[in-house]
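The block underneath contains the structure these notes are about, expressed in C-alpha coordinates.
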Amino acid sequence: MAQPITTIQKYVPTKEEQNQQKLEDLKLLLAENEDSLNKILTIVSELNETGVLEAANSMLQSKEKITKIALGQMNREPVTNIINNIMGAAGALSSVDPELTTKLINSVTKGIDEGNKHLEKDDKVGILDLVKVLKDPDVNRAVGFGINFLKGMGKGLKE
(Lines give C-alpha, C1' and ligand atoms only; values in the text may rest on other atoms or scores of the structure.)
Protein backbone atom coordinates (compact mmCIF):
# COMPACT_ATOMS: atom_id res chain seq x y z
CA MET A 1 0.00 0.00 0.00
CA ALA A 2 1.07 3.54 -0.72
CA GLN A 3 1.80 5.92 2.06
CA PRO A 4 -0.72 8.73 2.59
CA ILE A 5 0.33 12.28 1.67
CA THR A 6 0.81 14.23 4.85
CA THR A 7 2.33 17.43 3.52
CA ILE A 8 1.87 19.44 0.37
CA GLN A 9 4.87 21.30 -0.85
CA LYS A 10 4.11 24.50 -2.72
CA TYR A 11 6.48 25.35 -5.54
CA VAL A 12 8.10 28.72 -4.87
CA PRO A 13 10.16 30.05 -7.77
CA THR A 14 13.59 31.34 -6.96
CA LYS A 15 14.48 35.01 -7.23
CA GLU A 16 16.29 34.28 -10.51
CA GLU A 17 13.22 32.49 -11.93
CA GLN A 18 10.99 35.39 -10.88
CA ASN A 19 13.31 37.87 -12.61
CA GLN A 20 13.37 35.68 -15.72
CA GLN A 21 9.55 35.62 -15.79
CA LYS A 22 9.39 39.41 -15.38
CA LEU A 23 11.80 39.85 -18.29
CA GLU A 24 9.67 37.57 -20.46
CA ASP A 25 6.52 39.55 -19.54
CA LEU A 26 8.32 42.81 -20.31
CA LYS A 27 9.49 41.52 -23.71
CA LEU A 28 5.95 40.53 -24.55
CA LEU A 29 4.62 43.93 -23.46
CA LEU A 30 7.27 45.73 -25.52
CA ALA A 31 6.45 43.67 -28.59
CA GLU A 32 2.72 44.35 -28.25
CA ASN A 33 3.17 48.13 -27.80
CA GLU A 34 6.03 48.86 -30.18
CA ASP A 35 4.30 51.77 -31.98
CA SER A 36 3.29 53.49 -28.74
CA LEU A 37 6.76 53.12 -27.28
CA ASN A 38 8.35 54.55 -30.43
CA LYS A 39 6.08 57.60 -30.21
CA ILE A 40 6.87 58.08 -26.53
CA LEU A 41 10.60 57.84 -27.20
CA THR A 42 10.29 60.35 -30.06
CA ILE A 43 8.47 62.80 -27.78
CA VAL A 44 11.04 62.35 -25.02
CA SER A 45 13.85 62.85 -27.54
CA GLU A 46 12.29 66.10 -28.78
CA LEU A 47 11.80 67.33 -25.21
CA ASN A 48 15.43 66.52 -24.46
CA GLU A 49 16.69 68.33 -27.59
CA THR A 50 14.74 71.49 -26.74
CA GLY A 51 15.97 71.47 -23.14
CA VAL A 52 12.54 70.93 -21.60
CA LEU A 53 13.59 67.70 -19.88
CA GLU A 54 16.58 69.38 -18.29
CA ALA A 55 14.40 72.25 -17.08
CA ALA A 56 11.79 69.85 -15.71
CA ASN A 57 14.48 67.81 -13.98
CA SER A 58 15.96 70.96 -12.43
CA MET A 59 12.50 72.04 -11.27
CA LEU A 60 11.87 68.66 -9.67
CA GLN A 61 15.20 68.79 -7.87
CA SER A 62 14.42 72.31 -6.63
CA LYS A 63 10.75 71.75 -5.87
CA GLU A 64 11.05 72.86 -2.24
CA LYS A 65 12.79 76.12 -3.20
CA ILE A 66 10.26 76.78 -5.97
CA THR A 67 7.35 76.13 -3.61
CA LYS A 68 8.84 78.48 -1.03
CA ILE A 69 9.29 81.21 -3.64
CA ALA A 70 5.76 80.73 -5.03
CA LEU A 71 4.22 80.89 -1.56
CA GLY A 72 6.31 83.96 -0.78
CA GLN A 73 5.00 85.65 -3.91
CA MET A 74 1.41 84.69 -3.11
CA ASN A 75 1.71 86.25 0.35
CA ARG A 76 2.83 89.63 -0.98
CA GLU A 77 0.37 92.46 -0.34
CA PRO A 78 -0.36 93.27 -4.02
CA VAL A 79 -1.24 89.63 -4.72
CA THR A 80 -3.49 89.33 -1.67
CA ASN A 81 -5.12 92.63 -2.66
CA ILE A 82 -5.84 91.26 -6.13
CA ILE A 83 -7.32 88.07 -4.68
CA ASN A 84 -9.47 90.06 -2.23
CA ASN A 85 -10.62 92.41 -5.01
CA ILE A 86 -11.53 89.50 -7.27
CA MET A 87 -13.50 87.87 -4.45
CA GLY A 88 -15.26 91.15 -3.67
CA ALA A 89 -16.08 91.78 -7.33
CA ALA A 90 -17.33 88.21 -7.72
CA GLY A 91 -19.56 88.64 -4.67
CA ALA A 92 -20.93 91.92 -6.00
CA LEU A 93 -21.50 90.53 -9.48
CA SER A 94 -23.29 87.50 -8.08
CA SER A 95 -25.94 89.79 -6.61
CA VAL A 96 -26.55 91.64 -9.90
CA ASP A 97 -29.11 90.36 -12.39
CA PRO A 98 -27.17 88.81 -15.32
CA GLU A 99 -29.64 90.16 -17.89
CA LEU A 100 -29.14 93.68 -16.54
CA THR A 101 -25.35 93.26 -16.70
CA THR A 102 -25.56 92.08 -20.31
CA LYS A 103 -27.84 94.98 -21.22
CA LEU A 104 -25.47 97.46 -19.54
CA ILE A 105 -22.39 96.04 -21.30
CA ASN A 106 -24.16 96.12 -24.67
CA SER A 107 -25.18 99.74 -24.00
CA VAL A 108 -21.60 100.68 -23.14
CA THR A 109 -20.42 99.07 -26.39
CA LYS A 110 -22.97 101.05 -28.40
CA GLY A 111 -21.95 104.21 -26.52
CA ILE A 112 -18.30 103.64 -27.38
CA ASP A 113 -19.22 103.19 -31.05
CA GLU A 114 -21.18 106.46 -31.06
CA GLY A 115 -18.36 108.23 -29.22
CA ASN A 116 -15.85 107.05 -31.81
CA LYS A 117 -18.08 108.36 -34.60
CA HIS A 118 -18.06 111.77 -32.90
CA LEU A 119 -14.27 111.69 -32.57
CA GLU A 120 -13.94 111.05 -36.31
CA LYS A 121 -16.01 114.17 -37.09
CA ASP A 122 -14.07 116.33 -34.61
CA ASP A 123 -17.11 118.60 -34.05
CA LYS A 124 -17.19 120.99 -31.11
CA VAL A 125 -20.04 120.77 -28.63
CA GLY A 126 -21.45 124.03 -27.28
CA ILE A 127 -23.68 124.78 -24.29
CA LEU A 128 -26.78 125.14 -26.48
CA ASP A 129 -25.98 121.75 -28.04
CA LEU A 130 -26.01 120.23 -24.54
CA VAL A 131 -29.40 121.74 -23.73
CA LYS A 132 -30.84 120.59 -27.08
CA VAL A 133 -29.45 117.08 -26.77
CA LEU A 134 -31.22 116.56 -23.41
CA LYS A 135 -34.49 116.49 -25.36
CA ASP A 136 -33.23 113.40 -27.23
CA PRO A 137 -34.88 110.40 -25.46
CA ASP A 138 -31.75 108.25 -25.74
CA VAL A 139 -29.51 110.92 -24.21
CA ASN A 140 -32.11 111.74 -21.56
CA ARG A 141 -32.35 108.06 -20.63
CA ALA A 142 -28.55 107.78 -20.32
CA VAL A 143 -28.27 111.01 -18.30
CA GLY A 144 -31.09 109.89 -16.01
CA PHE A 145 -29.41 106.52 -15.55
CA GLY A 146 -26.10 108.23 -14.79
CA ILE A 147 -27.63 110.59 -12.24
CA ASN A 148 -29.45 107.79 -10.44
CA PHE A 149 -26.36 105.59 -10.64
CA LEU A 150 -24.34 108.31 -8.94
CA LYS A 151 -27.07 108.77 -6.34
CA GLY A 152 -27.08 105.05 -5.53
CA MET A 153 -23.31 104.98 -5.47
CA GLY A 154 -23.32 107.89 -3.03
CA LYS A 155 -25.74 106.02 -0.76
CA GLY A 156 -23.48 102.99 -0.90
CA LEU A 157 -20.43 105.06 -0.01
CA LYS A 158 -22.27 106.55 2.97
CA GLU A 159 -22.84 103.11 4.54
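Chain labels run A, B, ... following the order of the C-alpha coordinates; each chain numbers its residues from 1, and ligands are numbered from 1 in the order shown.
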Residue list (helix (DSSP H, G or I), DSSP) for chain A, as a PyMOL selection string: chain A and resi 15-32+34-50+52-61+63-74+77-94+98-121+127-133+137-158
Gap from CA of Val139 in chain A to CA of Glu114 in chain A - Å, one decimal: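 Those two atoms sit 11.7 Å apart.
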Two-atom distance - CA of Glu77 in chain A, CA of Lys65 in chain A (Å):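 Between these atoms lies a distance of 20.7 Å.
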